[in-house]
Structure formats: C-alpha cells, structure tokens
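Heads up, the thing below is written out as structure tokens.
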2 protein chains.
Amino acid sequence: MSGRQSGRPTLEQVAARAGVGRGTVSRVINGSPRVSEQTRTAVARAVAELGYVPNQAARALAGSRTDAIALVIPEAEARLFTEPYFLDLIRGVSAELAEADKQLLLTLVRSEQERQRFEQYLAAQRVDGVLLASVHGDDPLPDRIRELGLPVVMNGRRSEAEPVPYVDSDNIGAGRAAVAHLVGRGRSRIATVTGPLDMYVARARLGGYRAGLAEAGLAPDEELVSAGDFTEEGGRRAMRLLLDRSPDLDAVFVASDVMAAGARGALREAGRRVPEDVALVGVDDSPVARLMDPPLTSVRQPIEEMGRTMARMLLEEIVEAPEEPRRRVLPTELIERESC
Amino acid sequence: MSGRQSGRPTLEQVAARAGVGRGTVSRVINGSPRVSEQTRTAVARAVAELGYVPNQAARALAGSRTDAIALVIPEAEARLFTEPYFLDLIRGVSAELAEADKQLLLTLVRSEQERQRFEQYLAAQRVDGVLLASVHGDDPLPDRIRELGLPVVMNGRRSEAEPVPYVDSDNIGAGRAAVAHLVGRGRSRIATVTGPLDMYVARARLGGYRAGLAEAGLAPDEELVSAGDFTEEGGRRAMRLLLDRSPDLDAVFVASDVMAAGARGALREAGRRVPEDVALVGVDDSPVARLMDPPLTSVRQPIEEMGRTMARMLLEEIVEAPEEPRRRVLPTELIERESC
DNA sequence: GACTACTGTGGGAGCGCTCCCATCCCTGCT
DNA sequence: AGCAGGGATGGGAGCGCTCCCACAGTAGTC
C-alpha cells in the first residue's frame with residue numbers, strides 16, 4: 001500500500017537527491033556543526049521530500065548506541081506497592097526520556113529465569129542504560145549490570161551506604177514528619193507499623209519514626225513497634241498485635257497507606273475510633289488514603305519526580321563517564337486529612 | 001572491567017572456535033533443522049564457552065525484524081482509568097512477550113507532538129508490531145499504523161464494527177449481569193451512571209444495562225440514565241442528578257468503580273443507606289471496590305488476560321499474514337460484595 | 001608567491017548479522 | 001560402476017548506518 005512499497009529511503013538516496021555525499025547527510029542528520037548552511041538546507045529539503053527516517057538498527061550497529069534504556073520492575077514487588085506507584089514512576093521516566101528522544105523498554109521480571117534472560121538482553125546490547133525499581137537489600141543485579149559496563153540508576157537503595165547511583169525519597173524525613181505531626185496533635189503514645197525490615201525503605205521510615213520521638217523528647221518503646229509486610233493483611237495483623245501489647249497507644253505511624261487500611265480495620269474491630277481514640281498517619285498519599293473513612297493523613301512521595309530524576313541521571317551517566325556515583329534524595333510532604 | 005573489555009564475541013569467533021562456518025553457527029542459533037546433531041553440540045559448546053549473545057542491532061539490520069513490540073498508552077486516559085488497569089494490562093502483555101522472547105517498548109503519549117514522534121519511531125522500524133490501549137472513538141492512529149504496514153492489535157474498540165483487530169471485554173455482558181443481579185435482589189427502579197458516551201466502552205455498558213432491563217421485563221426510563229466521565233467527581237454529580245430526578249430509585253449500575261465511589265458519597269450526603277435503600281454495582285473490581293464502605297459489588301474484567309491475548313494475537317499477526325482482522329471478546333464476571 | 005591551517009566534503013571500511021547460492025559428500029537407484 | 005537427489009556446510013553479498021581518513025578549496029601568514 002502507498003508509495004513505501006519499495007522500502008523506506010536510505011541515507012544514500014537522500015544524498016543522491018540532495019546532490020551531496022553520504023557522509024554529509026549523516027552530518028546534517030546528527031547535527032554536526034561542520035556543515036555549511038547552504039548544504040544543510042539542501043539536505044533538509046531532500047529529507048523532507050523523501051520522508052526519510054534513519055534506520056535505527058543500522059545506527060545501533062554502526063554507532064553502538066541504541067537510544068533505548070530499560071526500566072526493570074520486579075514483578076513480585078509490583079504487587080506489593082500501592083498501585084499507582086509504578087505507573088507514576090513510569091510516567092516520570094517516560095516523560096523525561098521522550099524529551100531526550102530515547103525509547104523506554106519496560107521489563108517486568110517475574111522469575112529467576114526471566115532475570116537471566118534479562119541479563120542476556122543487556123549483553124545483546126539492546127539498551128544504553130538501565131533503571132532499576134524497588135531493589136531488595138541483597139539484590140546483586142545492580143552490581144552485575146555495572147560489571148557489564150552499563151550505566152545504572154536505582155529507585156531507592158539497598159542500604160544506607162549504597163555504592164550504585166540512586167534516587168530515593170526522604171524516608172527518614174517522612175517518619176519524622178509523621179511523628180512530629182502526631183506530637184503536634186497532642187499524642188504521646190505513638191506506635192508504628194513498619195514495612196519488612198529487610199528493605200531499606202522500611203528501616204529508614206522506622207529510623208525517622210525514632211528520630212521523631214527523640215526530637216519530641218518521647219522515650220522509645222519497642223513494644224510500640226510492629227513489623228508489617230506492606231500488605232493490607234499484614235497491616236491488620238501488626239495493628240492487632242500493637243493493640244494487644246499496648247492498649248494505651250493513641251497514635252500510629254503506618255509505613256504505607258495499604259497497611260494503614262488494614263490497621264484501620266483492626267482498630268474498628270477493637271472499637272477504637274479514628275482519630276478520637278487513635279490517630280493514624282500513612283505513607284504514599286495513594287488513592288486508598290483519600291477513600292478511607294476517615295480520609296487518611298499521609299506522607300506523599302514525589303514519585304513521578306523520582307522517575308524524571310532517575311531518567312535524567314541515567315542520561316547524564318551515559319554521556320559523561322561518572323566520576324563518582326550520584327545520588328539524590330527527594331523531599332516528602334505531609335498531606336493532612338482527617339485521621340489525626 | 002573483566003574479560004569483556006575486548007568486546008563481546010561475534011558469530012565469526014564462535015564459528016572459528018567450533019571449527020565450522022559462520023552460516024552454520026547462525027543456523028544453530030536460530031534453530032534451523034538443517035544441522036547435524038554433532039555440529040549442533042559443538043557449536044553449542046563454543047557458544048557457552050565464549051558466552052556468546054547475538055547482537056540485536058546486527059540481527060535487526062540483516063533480518064529486518066526487531067523482536068520488539070510497542071505498547072502505546074495515551075497519557076490522558078491513563079489518568080482516567082482505575083489505576084491498576086494499565087499495570088495489569090502491562091503485566092499480561094509483558095508475560096506473554098517474555099515467553100516469546102520479545103521486548104516490550106512502552107510509549108506513553110502525552111501530546112500531539114509526541115504522537116508524531118511515535119509515528120517516526122514506527123517508520124524507523126524499531127518494532128515489529130504495535131499494541132494500542134484505550135483508543136478513542138475517532139482516533140486515526142490505528143489506521144495510520146496499518147498503512148505503515150505494521151500489525152496492530154487494540155485494547156477495546158472504537159465502535160461496534162471495528163475494522164482493526166482488537167481484544168475487548170464483554171461490556172454488554174457486564175451491564176446485563178449487573179442488572180440481572182440487582183433484579184435478583186428484588187430491585188426494580190434501577191438507574192445507571194454511564195461513562196462518557198463518545199467512548200464505545202461506555203455505550204456498550206449502557207447497552208448491556210438496557211438489555212438487562214428488557215430481559216427482566218422492566219421498562220426503560222431515560223430519567224434513570226445519567227452520564228458520568230469515569231471520574232469520582234463525575235460519578236458524584238451524576239448520582240446527585242439521578243437522586244434529584246428519580247428519588248424513588250432503589251439501585252444503580254455505575255459504569256466504573258471510581259465513579260461508584262463518587263456515587264456512594266452522593267448517596268451518603270442524601271442520607272440513603274447502601275445497600276438497604278439503594279443497591280450499587282460497579283465495574284472493574286478495583287482495589288477501590290474492596291475498600292469502600294460497604295465493599296462494592298463489581299463486575300470484573302480479565303485485564304491481565306486481555307493483555308496476554310493482545311500480545312498473542314499480535315505475535316500471530318506478525319508471523320502469518322492476517323487474512324481477516326481477528327477479534328476477541330473476553331467474558332466478565334460479577335464479584336459479589338455487600339453493596340447489594 | 002609559497003607555505004600552513006583550516007573548513008567542508010566525499011566515500012571506503014567496517015559494525016555483526018541473515019540470506020542464499022554454490023559446493024561437497026553421502027545415499028540409493030539403475 | 002555411474003548418476004541423480006538430498007542433506008550439511010562454507011562463505012559472499014549485502015542490510016543502512018557511523019567513523020574517519022583523504023582531499024579540495026579557501027583564507028591567513030611571512
């Protein structure tokens with residue numbers, strides 16, 4: 001159908017049409033300054049007339065860069081996170097890459113087998129760099145990728161002293177802000193439901209909680225700390241445990257909105273009113289928070305912005321050799337609703 | 001670092017190591033049957049020893065296929081849909097593509113400009129086919145892509161008689177099932193909040209609602225139909241209007257869970273109890289439905305399965321020339337909760 | 001006026017594959 | 001014994017670019 005039956009035009013054909021050499025067209029296409037203005041316009045016209053679009057495969061083969069980057073999301077964790085998380089992240093990454101005219105390759109990794117397959121892709125030189133979302137504490141993948149010589153940027157980190165470049169949100173600040181807010185509302189027996197403590201993000205939020213207590217002059221109490229797993233059910237269980245151990249608690253900082261939904265259920269079961277008896281603060285500012293009864297006060301992370309920042313950092317790493325690993329920690333923000 | 005400094009091994013090197021010709025290695029790699037068992041194992045060993053991985057760009061250039069497909073999601077609509085929708089869809093697509101060893105290129109289209117850029121990509125022959133999510137009624141993109149000679153499969157359709165291959169869920173069935181369920185619970189003044197009627201999905205659900213009424217021998221009443229826009233606020237407004245016009249209604253089929261959340265709010269404002277005074281059915285079976293008070297009965301769409309099916313269809317279209325456009329309509333399922 | 005120093009340009013040499021044709025070497029048959 | 005018919009194999013010819021070297025033309029320098 002239509003005139004493209006004979007195949008798409010090539011550099012050579014554009015060159016012929018513009019009456020110049022192949023190299024010159026290439027220079028124009030790639031914006032080299034070493035071309036006279038006159039030649040440039042002639043080539044530009046030929047390009048327009050022929051509807052020329054450079055063949056990506058040929059470019060990649062000759063130039064050894066693909067103009068594509070991979071975003072890797074471990075499937076297991078994709079289910080844990082409050083749902084909009086990854087979509088927001090993708091949105092940010094996508095926006096930034098689109099501006100730079102790069103392609104986004106999305107890889108959901110479900111199994112060890114797929115993970116190996118992914119490493120094969122990297123080896124096949126399909127991408128110029130890798131973005132890694134939600135990496136576990138002991139995940140060797142980031143280091144493996146670096147060994148392949150590919151730039152990587154992670155979302156979040158595996159530990160306090162992360163050697164690989166990353167973009168994280170200020171999880172410690174999130175915990176502190178939550179506690180400070182609760183203290184400001186006159187609460188003093190403040191408990192917390194944490195995430196799984198093998199994840200740095202969970203430890204950081206817990207650390208922020210403790211720092212917040214210390215700043216308010218409140219004594220830490222291990223009875224007031226209960227570990228969840230970022231699921232609703234986990235939040236429910238942790239809350240029950242807390243109520244059991246410390247019936248006198250008057251506030252809870254829950255390390256995610258989804259867990260907060262579970263916790264809220266446990267409080268209802270126990271006949272505690274929110275916020276009259278127990279005040280609640282979550283993390284994520286997810287749609288869930290808005291829909292809860294009462295709507296949940298929550299600490300917002302700038303997810304989309306994290307995505308953008310990651311992409312930007314990666315693109316930088318791709319062009320300029322990274323002297324030392326970059327890292328960015330973006331601020332969080334407390335969104336007040338009626339649960340406090 | 002490590003031994004790959006000298007560049008990755010090539011076909012040629014594998015051939016030399018195995019003591020065979022280049023063509024033979026290529027045949028082994030691509031699983032051609034015209035290779036003796038002995039040679040095959042010899043080559044396989046050389047591949048393993050060298051850690052050979054075929055260069056994708058070279059393959060694409062020589063073989064003119066990329067082993068990648070694009071999934072296009074219009075950003076504007078990504079915000080409308082109940083959040084897990086696209087993630088589930090992506091999950092399904094990704095799973096199926098991974099099995100077939102294909103890459104997923106994700107493209108969020110935000111503006112007309114980005115859309116054009118996307119068409120350039122297609123022209124640059126970066127993908128073997130395109131998956132299109134949530135296409136509007138008058139969207140010319142699907143036809144444009146077909147003109148480029150690329151296989152396309154859409155999620156949903158633009159009209160009843162869609163010429164482009166698609167995978168849809170049974171939206172008419174969804175409406176009928178919802179109404180039948182409500183009728184079964186003794187309701188007879190059944191209203192509906194629809195989606196924006198320029199979208200086929202909204203019209204189909206409305207059609208199902210009407211068919212359901214007819215099947216139950218209930219007279220249609222246009223006063224009982226109110227258009228929303230798939231947002232929570234739109235659902236709230238539509239519900240208010242409905243209550244205003246027909247205070248005697250005793251049930252509502254709301255064409256999405258998010259709108260149902262808004263509708264539920266409007267009912268609360270009006271002092272109507274759910275389900276005692278007014279029964280509610282939504283669509284999507286999203287997390288929102290589970291969290292509502294009372295939890296919302298909702299018609300589930302097999303989103304992930306749609307994603308898988310789309311991918312499968314596209315892969316088929318890529319290999320065998322499509323005689324006539326394929327289409328698949330997957331069944332929906334009513335999930336009972338306490339809102340009826 | 002000869003020399004150097006640029007800028008602009010053309011085009012050869014690959015990049016690492018796939019495609020395909022020519023070749024070789026078995027079978028099996030007459 | 002001689003020949004056809006295959007299966008297995010080697011390797012040339014590209015695929016459409018980028019890189020880079022060579023060269024022409026022009027300008028600047030003493």
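Just remember, in the structure tokens the first chain shown is A, the second B, etc., residues are 1-based per chain, and ligands are 1-based in the order shown.
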- Task: Find the residues near C:DG10: any atom within 9 Å, counting only C-alpha atoms (C1' of nucleotides), skip ones fewer than 3 places away on the same chain, and give them as a ChimeraX atom specification.
- Result: /A:20-24 /D:23
- Shell around stretch 1-7 of chain D at 10 Å using only C-alpha atoms (C1' of nucleotides), local window under 5 positions removed, as a list in words: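 Residues meeting the cut-off are Arg34, Val35 and Ser36 of chain B; DC25, DC26, DT27, DG28, DC29 and DT30 of chain C.
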- Message: Give me, as a PyMOL selection string, all polymer residues having an atom no more than 12 Å from B:Val183, counting only C-alpha atoms (C1' of nucleotides) and skipping those fewer than 2 positions away in the same chain.
- Response: chain B and resi 176-181+185-191+209+212-218+250-253+279-281+340
- stretch 55-152 of chain A: residues DSSP assigns to strand (DSSP E), reported as a ChimeraX atom specification: /A:68-74,103-109,129-133,152
Chain B in the frame of chain A after Cα least-squares fit, as a CSV table (one decimal) with C-alpha atoms, in the first residue's frame:
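Listing of superposed-v8.csv after writing:
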chain,number,residue,atom,x,y,z
B,1,MET,CA,0.2,-0.2,0.2
B,2,SER,CA,1.0,3.4,-0.6
B,3,GLY,CA,4.4,4.5,-1.9
B,4,ARG,CA,6.5,2.9,0.7
B,5,GLN,CA,6.3,-0.5,-1.0
B,6,SER,CA,9.7,0.0,-2.4
B,7,GLY,CA,11.2,0.2,1.0
B,8,ARG,CA,12.0,3.3,3.1
B,9,PRO,CA,14.4,5.8,1.8
B,10,THR,CA,18.0,5.5,2.9
B,11,LEU,CA,20.7,8.0,3.7
B,12,GLU,CA,22.2,7.4,0.2
B,13,GLN,CA,19.0,8.3,-1.5
B,14,VAL,CA,18.7,11.5,0.5
B,15,ALA,CA,22.2,12.3,-0.4
B,16,ALA,CA,21.6,11.8,-4.1
B,17,ARG,CA,18.5,14.0,-4.0
B,18,ALA,CA,20.2,16.8,-2.1
B,19,GLY,CA,23.2,16.5,-4.4
B,20,VAL,CA,25.6,15.9,-1.6
B,21,GLY,CA,27.6,13.0,-0.2
B,22,ARG,CA,26.5,10.4,2.3
B,23,GLY,CA,28.7,11.8,5.1
B,24,THR,CA,27.2,15.2,4.8
B,25,VAL,CA,23.6,14.0,5.2
B,26,SER,CA,24.7,12.1,8.2
B,27,ARG,CA,26.3,15.2,9.6
B,28,VAL,CA,23.1,17.2,9.1
B,29,ILE,CA,20.9,14.5,10.6
B,30,ASN,CA,23.1,14.3,13.7
B,31,GLY,CA,23.4,18.1,14.0
B,32,SER,CA,27.1,18.4,13.4
B,33,PRO,CA,28.2,22.0,13.3
B,34,ARG,CA,30.6,21.4,10.4
B,35,VAL,CA,28.0,21.9,7.7
B,36,SER,CA,27.3,25.1,5.8
B,37,GLU,CA,23.9,26.7,6.3
B,38,GLN,CA,23.1,26.3,2.6
B,39,THR,CA,23.9,22.6,2.5
B,40,ARG,CA,22.0,22.1,5.7
B,41,THR,CA,18.8,23.5,4.3
B,42,ALA,CA,19.2,21.6,1.0
B,43,VAL,CA,19.5,18.3,2.9
B,44,ALA,CA,16.7,19.2,5.2
B,45,ARG,CA,14.5,19.6,2.2
B,46,ALA,CA,15.5,16.3,0.7
B,47,VAL,CA,14.7,14.6,4.0
B,48,ALA,CA,11.3,16.2,4.2
B,49,GLU,CA,10.5,15.4,0.6
B,50,LEU,CA,11.5,11.8,0.9
B,51,GLY,CA,10.1,11.4,4.4
B,52,TYR,CA,13.4,10.0,5.5
B,53,VAL,CA,13.7,8.5,8.9
B,54,PRO,CA,17.1,7.0,9.9
B,55,ASN,CA,17.0,3.2,10.4
B,56,GLN,CA,17.6,2.5,14.0
B,57,ALA,CA,19.2,-0.8,13.6
B,58,ALA,CA,21.8,0.5,11.2
B,59,ARG,CA,22.5,3.3,13.6
B,60,ALA,CA,22.9,1.0,16.5
B,61,LEU,CA,25.2,-1.3,14.6
B,62,ALA,CA,27.4,1.4,13.2
B,63,GLY,CA,27.4,3.7,16.2
B,64,SER,CA,27.1,1.2,19.0
B,65,ARG,CA,24.4,3.0,20.9
B,66,THR,CA,20.8,2.1,20.9
B,67,ASP,CA,19.0,5.2,22.2
B,68,ALA,CA,17.0,2.8,24.4
B,69,ILE,CA,17.1,2.3,28.1
B,70,ALA,CA,15.6,-0.5,30.1
B,71,LEU,CA,13.4,-0.1,33.2
B,72,VAL,CA,13.4,-3.2,35.3
B,73,ILE,CA,10.6,-3.9,37.7
B,74,PRO,CA,10.6,-7.1,39.8
B,75,GLU,CA,7.1,-8.6,39.4
B,76,ALA,CA,6.9,-9.8,43.0
B,77,GLU,CA,7.3,-6.4,44.4
B,78,ALA,CA,5.1,-4.8,41.8
B,79,ARG,CA,2.2,-6.5,43.6
B,80,LEU,CA,3.2,-5.2,47.0
B,81,PHE,CA,3.5,-1.5,46.2
B,82,THR,CA,0.4,0.6,46.3
B,83,GLU,CA,-0.7,0.4,42.8
B,84,PRO,CA,-0.1,3.7,41.3
B,85,TYR,CA,3.5,3.6,42.4
B,86,PHE,CA,4.9,2.0,39.3
B,87,LEU,CA,2.7,3.7,36.9
B,88,ASP,CA,3.7,7.1,38.3
B,89,LEU,CA,7.3,6.0,38.2
B,90,ILE,CA,7.0,4.9,34.6
B,91,ARG,CA,5.2,8.1,33.8
B,92,GLY,CA,8.2,10.2,35.1
B,93,VAL,CA,10.8,8.0,33.4
B,94,SER,CA,8.8,8.0,30.1
B,95,ALA,CA,8.4,11.8,30.1
B,96,GLU,CA,12.0,12.4,30.6
B,97,LEU,CA,13.1,9.9,28.0
B,98,ALA,CA,10.7,11.2,25.5
B,99,GLU,CA,12.2,14.6,25.8
B,100,ALA,CA,15.7,13.1,25.1
B,101,ASP,CA,14.3,11.1,22.3
B,102,LYS,CA,15.1,7.8,23.9
B,103,GLN,CA,13.1,4.6,24.0
B,104,LEU,CA,11.8,2.9,27.1
B,105,LEU,CA,12.1,-0.8,27.3
B,106,LEU,CA,10.0,-2.2,30.1
B,107,THR,CA,11.0,-5.4,31.7
B,108,LEU,CA,8.9,-7.1,34.4
B,109,VAL,CA,11.0,-9.8,36.0
B,110,ARG,CA,9.0,-12.7,37.4
B,111,SER,CA,11.5,-15.5,37.9
B,112,GLU,CA,15.1,-16.3,38.1
B,113,GLN,CA,14.9,-17.6,34.6
B,114,GLU,CA,13.6,-14.3,33.3
B,115,ARG,CA,16.2,-12.5,35.2
B,116,GLN,CA,18.9,-14.5,33.4
B,117,ARG,CA,17.2,-13.8,30.1
B,118,PHE,CA,17.3,-10.2,31.0
B,119,GLU,CA,21.0,-10.3,31.5
B,120,GLN,CA,21.3,-11.8,28.0
B,121,TYR,CA,19.5,-8.8,26.6
B,122,LEU,CA,21.9,-6.5,28.2
B,123,ALA,CA,24.8,-8.5,26.8
B,124,ALA,CA,23.1,-8.3,23.4
B,125,GLN,CA,23.6,-4.6,23.7
B,126,ARG,CA,20.0,-3.7,23.3
B,127,VAL,CA,20.1,-0.8,25.7
B,128,ASP,CA,22.4,2.0,26.7
B,129,GLY,CA,21.6,1.9,30.3
B,130,VAL,CA,19.4,0.4,33.0
B,131,LEU,CA,16.9,1.8,35.5
B,132,LEU,CA,16.2,-0.5,38.4
B,133,ALA,CA,13.0,-0.2,40.5
B,134,SER,CA,12.5,-1.6,44.0
B,135,VAL,CA,15.7,-3.5,44.6
B,136,HIS,CA,15.9,-5.9,47.6
B,137,GLY,CA,18.6,-5.6,50.2
B,138,ASP,CA,20.7,-8.5,48.8
B,139,ASP,CA,20.0,-8.1,45.2
B,140,PRO,CA,23.2,-8.7,43.1
B,141,LEU,CA,21.7,-7.5,39.9
B,142,PRO,CA,22.9,-3.8,40.1
B,143,ASP,CA,26.5,-4.9,40.5
B,144,ARG,CA,26.2,-7.5,37.7
B,145,ILE,CA,25.0,-4.8,35.3
B,146,ARG,CA,27.8,-2.5,36.3
B,147,GLU,CA,30.2,-5.3,35.5
B,148,LEU,CA,28.8,-5.5,32.1
B,149,GLY,CA,29.9,-1.9,31.8
B,150,LEU,CA,26.4,-0.5,31.6
B,151,PRO,CA,25.3,2.6,33.5
B,152,VAL,CA,22.6,1.9,36.1
B,153,VAL,CA,20.4,4.0,38.3
B,154,MET,CA,18.2,2.5,41.0
B,155,ASN,CA,15.0,3.6,42.6
B,156,GLY,CA,15.7,3.4,46.3
B,157,ARG,CA,18.7,1.8,47.7
B,158,ARG,CA,19.7,-1.5,49.3
B,159,SER,CA,21.4,0.0,52.3
B,160,GLU,CA,22.4,3.3,53.8
B,161,ALA,CA,25.8,3.2,52.0
B,162,GLU,CA,24.7,2.2,48.5
B,163,PRO,CA,27.6,2.1,46.1
B,164,VAL,CA,25.4,2.2,43.0
B,165,PRO,CA,23.8,5.5,41.8
B,166,TYR,CA,20.3,5.9,43.1
B,167,VAL,CA,17.3,8.2,43.5
B,168,ASP,CA,15.4,7.8,46.7
B,169,SER,CA,12.8,9.7,48.6
B,170,ASP,CA,13.6,11.0,52.1
B,171,ASN,CA,12.1,8.2,54.0
B,172,ILE,CA,13.7,9.2,57.3
B,173,GLY,CA,12.2,12.6,56.8
B,174,ALA,CA,8.8,11.0,56.2
B,175,GLY,CA,8.9,9.2,59.5
B,176,ARG,CA,10.0,12.3,61.3
B,177,ALA,CA,7.4,14.5,59.7
B,178,ALA,CA,4.7,12.0,60.6
B,179,VAL,CA,5.7,11.8,64.2
B,180,ALA,CA,6.1,15.6,64.5
B,181,HIS,CA,2.6,16.0,63.1
B,182,LEU,CA,1.1,13.6,65.6
B,183,VAL,CA,3.0,15.2,68.5
B,184,GLY,CA,1.7,18.6,67.3
B,185,ARG,CA,-1.8,17.1,67.6
B,186,GLY,CA,-1.1,16.3,71.2
B,187,ARG,CA,-0.4,12.6,70.9
B,188,SER,CA,2.3,11.0,73.0
B,189,ARG,CA,1.8,7.3,72.8
B,190,ILE,CA,2.8,7.0,69.2
B,191,ALA,CA,3.2,3.5,67.8
B,192,THR,CA,4.4,2.4,64.3
B,193,VAL,CA,3.7,-0.4,61.9
B,194,THR,CA,6.8,-0.9,59.8
B,195,GLY,CA,7.4,-2.5,56.5
B,196,PRO,CA,9.5,-5.7,56.1
B,197,LEU,CA,12.8,-4.8,57.8
B,198,ASP,CA,15.0,-6.5,55.2
B,199,MET,CA,14.1,-3.6,53.0
B,200,TYR,CA,16.0,-0.4,53.5
B,201,VAL,CA,12.9,1.7,52.9
B,202,ALA,CA,11.2,0.1,55.9
B,203,ARG,CA,14.3,0.6,58.1
B,204,ALA,CA,14.6,4.2,57.0
B,205,ARG,CA,11.0,5.0,57.9
B,206,LEU,CA,11.4,3.3,61.2
B,207,GLY,CA,14.6,5.3,61.8
B,208,GLY,CA,12.7,8.5,61.0
B,209,TYR,CA,9.9,7.5,63.5
B,210,ARG,CA,12.5,7.1,66.2
B,211,ALA,CA,14.2,10.3,65.3
B,212,GLY,CA,10.9,12.0,65.5
B,213,LEU,CA,10.2,10.7,68.9
B,214,ALA,CA,13.6,11.7,70.2
B,215,GLU,CA,13.2,15.2,68.8
B,216,ALA,CA,9.9,15.5,70.7
B,217,GLY,CA,11.5,14.3,73.8
B,218,LEU,CA,9.4,11.1,73.9
B,219,ALA,CA,11.0,7.9,75.1
B,220,PRO,CA,11.2,5.1,72.6
B,221,ASP,CA,9.3,2.0,73.4
B,222,GLU,CA,9.8,-1.3,71.5
B,223,GLU,CA,6.4,-2.4,72.5
B,224,LEU,CA,5.1,0.3,70.2
B,225,VAL,CA,6.9,-1.1,67.1
B,226,SER,CA,5.3,-3.8,65.1
B,227,ALA,CA,6.5,-5.1,61.7
B,228,GLY,CA,4.1,-5.4,58.8
B,229,ASP,CA,4.9,-6.5,55.2
B,230,PHE,CA,3.4,-3.7,53.1
B,231,THR,CA,0.1,-5.7,52.7
B,232,GLU,CA,-3.3,-4.8,54.0
B,233,GLU,CA,-3.5,-8.0,55.9
B,234,GLY,CA,-0.1,-7.5,57.4
B,235,GLY,CA,-1.2,-4.0,58.5
B,236,ARG,CA,-4.2,-5.5,60.2
B,237,ARG,CA,-2.2,-8.1,62.0
B,238,ALA,CA,0.4,-5.7,63.2
B,239,MET,CA,-2.2,-3.3,64.4
B,240,ARG,CA,-4.0,-6.0,66.4
B,241,LEU,CA,-0.7,-6.9,68.0
B,242,LEU,CA,0.0,-3.3,68.9
B,243,LEU,CA,-3.5,-2.9,70.5
B,244,ASP,CA,-2.9,-6.0,72.4
B,245,ARG,CA,0.5,-5.0,73.7
B,246,SER,CA,-0.2,-1.3,74.3
B,247,PRO,CA,-3.9,-0.6,74.6
B,248,ASP,CA,-3.0,2.9,75.7
B,249,LEU,CA,-1.6,4.0,72.3
B,250,ASP,CA,-3.1,7.1,70.9
B,251,ALA,CA,-1.5,7.4,67.4
B,252,VAL,CA,0.1,5.2,64.8
B,253,PHE,CA,2.5,5.9,62.0
B,254,VAL,CA,1.9,3.2,59.4
B,255,ALA,CA,4.7,2.8,56.9
B,256,SER,CA,2.3,2.5,53.9
B,257,ASP,CA,-1.3,3.5,53.0
B,258,VAL,CA,-2.2,0.0,52.2
B,259,MET,CA,-1.1,-1.3,55.6
B,260,ALA,CA,-2.9,1.7,57.1
B,261,ALA,CA,-6.1,0.5,55.5
B,262,GLY,CA,-5.6,-2.8,57.3
B,263,ALA,CA,-4.8,-1.1,60.5
B,264,ARG,CA,-7.9,1.0,60.2
B,265,GLY,CA,-9.9,-2.2,60.0
B,266,ALA,CA,-8.3,-3.6,63.1
B,267,LEU,CA,-9.0,-0.4,65.0
B,268,ARG,CA,-12.6,-0.5,63.9
B,269,GLU,CA,-12.8,-4.1,65.2
B,270,ALA,CA,-11.4,-3.0,68.5
B,271,GLY,CA,-13.9,-0.2,68.7
B,272,ARG,CA,-11.4,2.6,68.5
B,273,ARG,CA,-12.4,5.7,66.7
B,274,VAL,CA,-10.2,7.5,64.2
B,275,PRO,CA,-9.0,10.1,64.9
B,276,GLU,CA,-10.7,10.6,68.3
B,277,ASP,CA,-9.1,7.6,70.0
B,278,VAL,CA,-6.2,6.9,67.7
B,279,ALA,CA,-4.7,9.1,65.1
B,280,LEU,CA,-3.3,7.6,61.9
B,281,VAL,CA,-0.6,8.6,59.4
B,282,GLY,CA,0.2,6.6,56.4
B,283,VAL,CA,2.8,6.9,53.6
B,284,ASP,CA,2.3,7.2,49.9
B,285,ASP,CA,-0.6,9.5,49.5
B,286,SER,CA,-2.3,6.9,47.4
B,287,PRO,CA,-5.9,6.9,46.2
B,288,VAL,CA,-6.6,4.5,49.0
B,289,ALA,CA,-5.8,7.2,51.4
B,290,ARG,CA,-8.4,9.5,50.0
B,291,LEU,CA,-11.0,6.9,50.0
B,292,MET,CA,-10.6,5.7,53.5
B,293,ASP,CA,-13.0,6.7,56.2
B,294,PRO,CA,-11.9,9.1,57.5
B,295,PRO,CA,-9.6,10.1,54.7
B,296,LEU,CA,-6.0,9.3,55.7
B,297,THR,CA,-3.3,11.8,56.5
B,298,SER,CA,-0.3,10.5,54.5
B,299,VAL,CA,3.2,11.4,53.6
B,300,ARG,CA,3.6,11.9,49.9
B,301,GLN,CA,6.6,10.8,47.9
B,302,PRO,CA,7.3,12.6,44.7
B,303,ILE,CA,7.2,9.4,42.7
B,304,GLU,CA,6.9,10.8,39.2
B,305,GLU,CA,9.7,13.2,40.0
B,306,MET,CA,11.8,10.3,41.2
B,307,GLY,CA,11.2,8.7,37.8
B,308,ARG,CA,12.2,11.8,36.0
B,309,THR,CA,15.3,12.3,38.1
B,310,MET,CA,16.4,8.7,37.6
B,311,ALA,CA,16.1,9.0,33.9
B,312,ARG,CA,18.0,12.3,33.9
B,313,MET,CA,20.8,10.8,35.9
B,314,LEU,CA,21.0,7.8,33.7
B,315,LEU,CA,21.2,9.9,30.6
B,316,GLU,CA,24.0,11.9,32.2
B,317,GLU,CA,25.9,8.8,33.1
B,318,ILE,CA,25.6,7.5,29.6
B,319,VAL,CA,27.3,10.5,28.1
B,320,GLU,CA,29.9,11.5,30.6
B,321,ALA,CA,31.8,8.8,32.4
B,322,PRO,CA,30.6,8.9,36.0
B,323,GLU,CA,33.4,10.0,38.2
B,324,GLU,CA,31.7,8.9,41.4
B,325,PRO,CA,28.3,7.5,41.8
B,326,ARG,CA,25.6,10.1,42.0
B,327,ARG,CA,22.7,9.9,44.5
B,328,ARG,CA,19.6,12.0,45.0
B,329,VAL,CA,17.2,12.0,47.9
B,330,LEU,CA,14.0,13.9,47.1
B,331,PRO,CA,11.9,15.5,49.9
B,332,THR,CA,8.6,14.1,51.0
B,333,GLU,CA,5.5,16.1,52.0
B,334,LEU,CA,2.8,15.5,54.6
B,335,ILE,CA,-0.7,15.7,53.2
B,336,GLU,CA,-3.2,16.4,56.0
B,337,ARG,CA,-6.5,14.8,56.0
B,338,GLU,CA,-9.0,13.8,58.7
B,339,SER,CA,-7.3,10.9,60.4
B,340,CYS,CA,-5.3,13.0,62.9
- What residues in stretch 226-314 of chain B get the DSSP label helix (DSSP H, G or I)? Please answer as a VMD selection string. chain B and resid 232 to 245 257 to 269 287 to 291 303 to 314
- Which one is closest to chain A: C:DT23, C:DT9, C:DT18, C:DT4? Count only C-alpha atoms (C1' of nucleotides).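 Nearest candidate to chain A out of C:DT23, C:DT9, C:DT18, C:DT4: C:DT9.
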- Specify as an NGL selection string all residues of chain C found within 12 Å of chain A, counting only C-alpha atoms (C1' of nucleotides). :C and (6-17)
- May I ask for the distance between atom C1' of C:DC3 and atom C1' of D:DG25, given in Å to one decimal place?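 Value for the atom C1' of C:DC3-atom C1' of D:DG25 distance: 15.4 Å.
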- Task: Can you check which residues of chain D have any atom within 8 Å of chain A? Use only C-alpha atoms (C1' of nucleotides) and format it as a list in words.
- Result: DC15, DG16, DC17 and DT18 of chain D
- Query: What does the distance from atom C1' of D:DT26 to atom C1' of C:DA2 come to in Å, to one decimal?
  - Reply: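 A separation of 15.2 Å between them.
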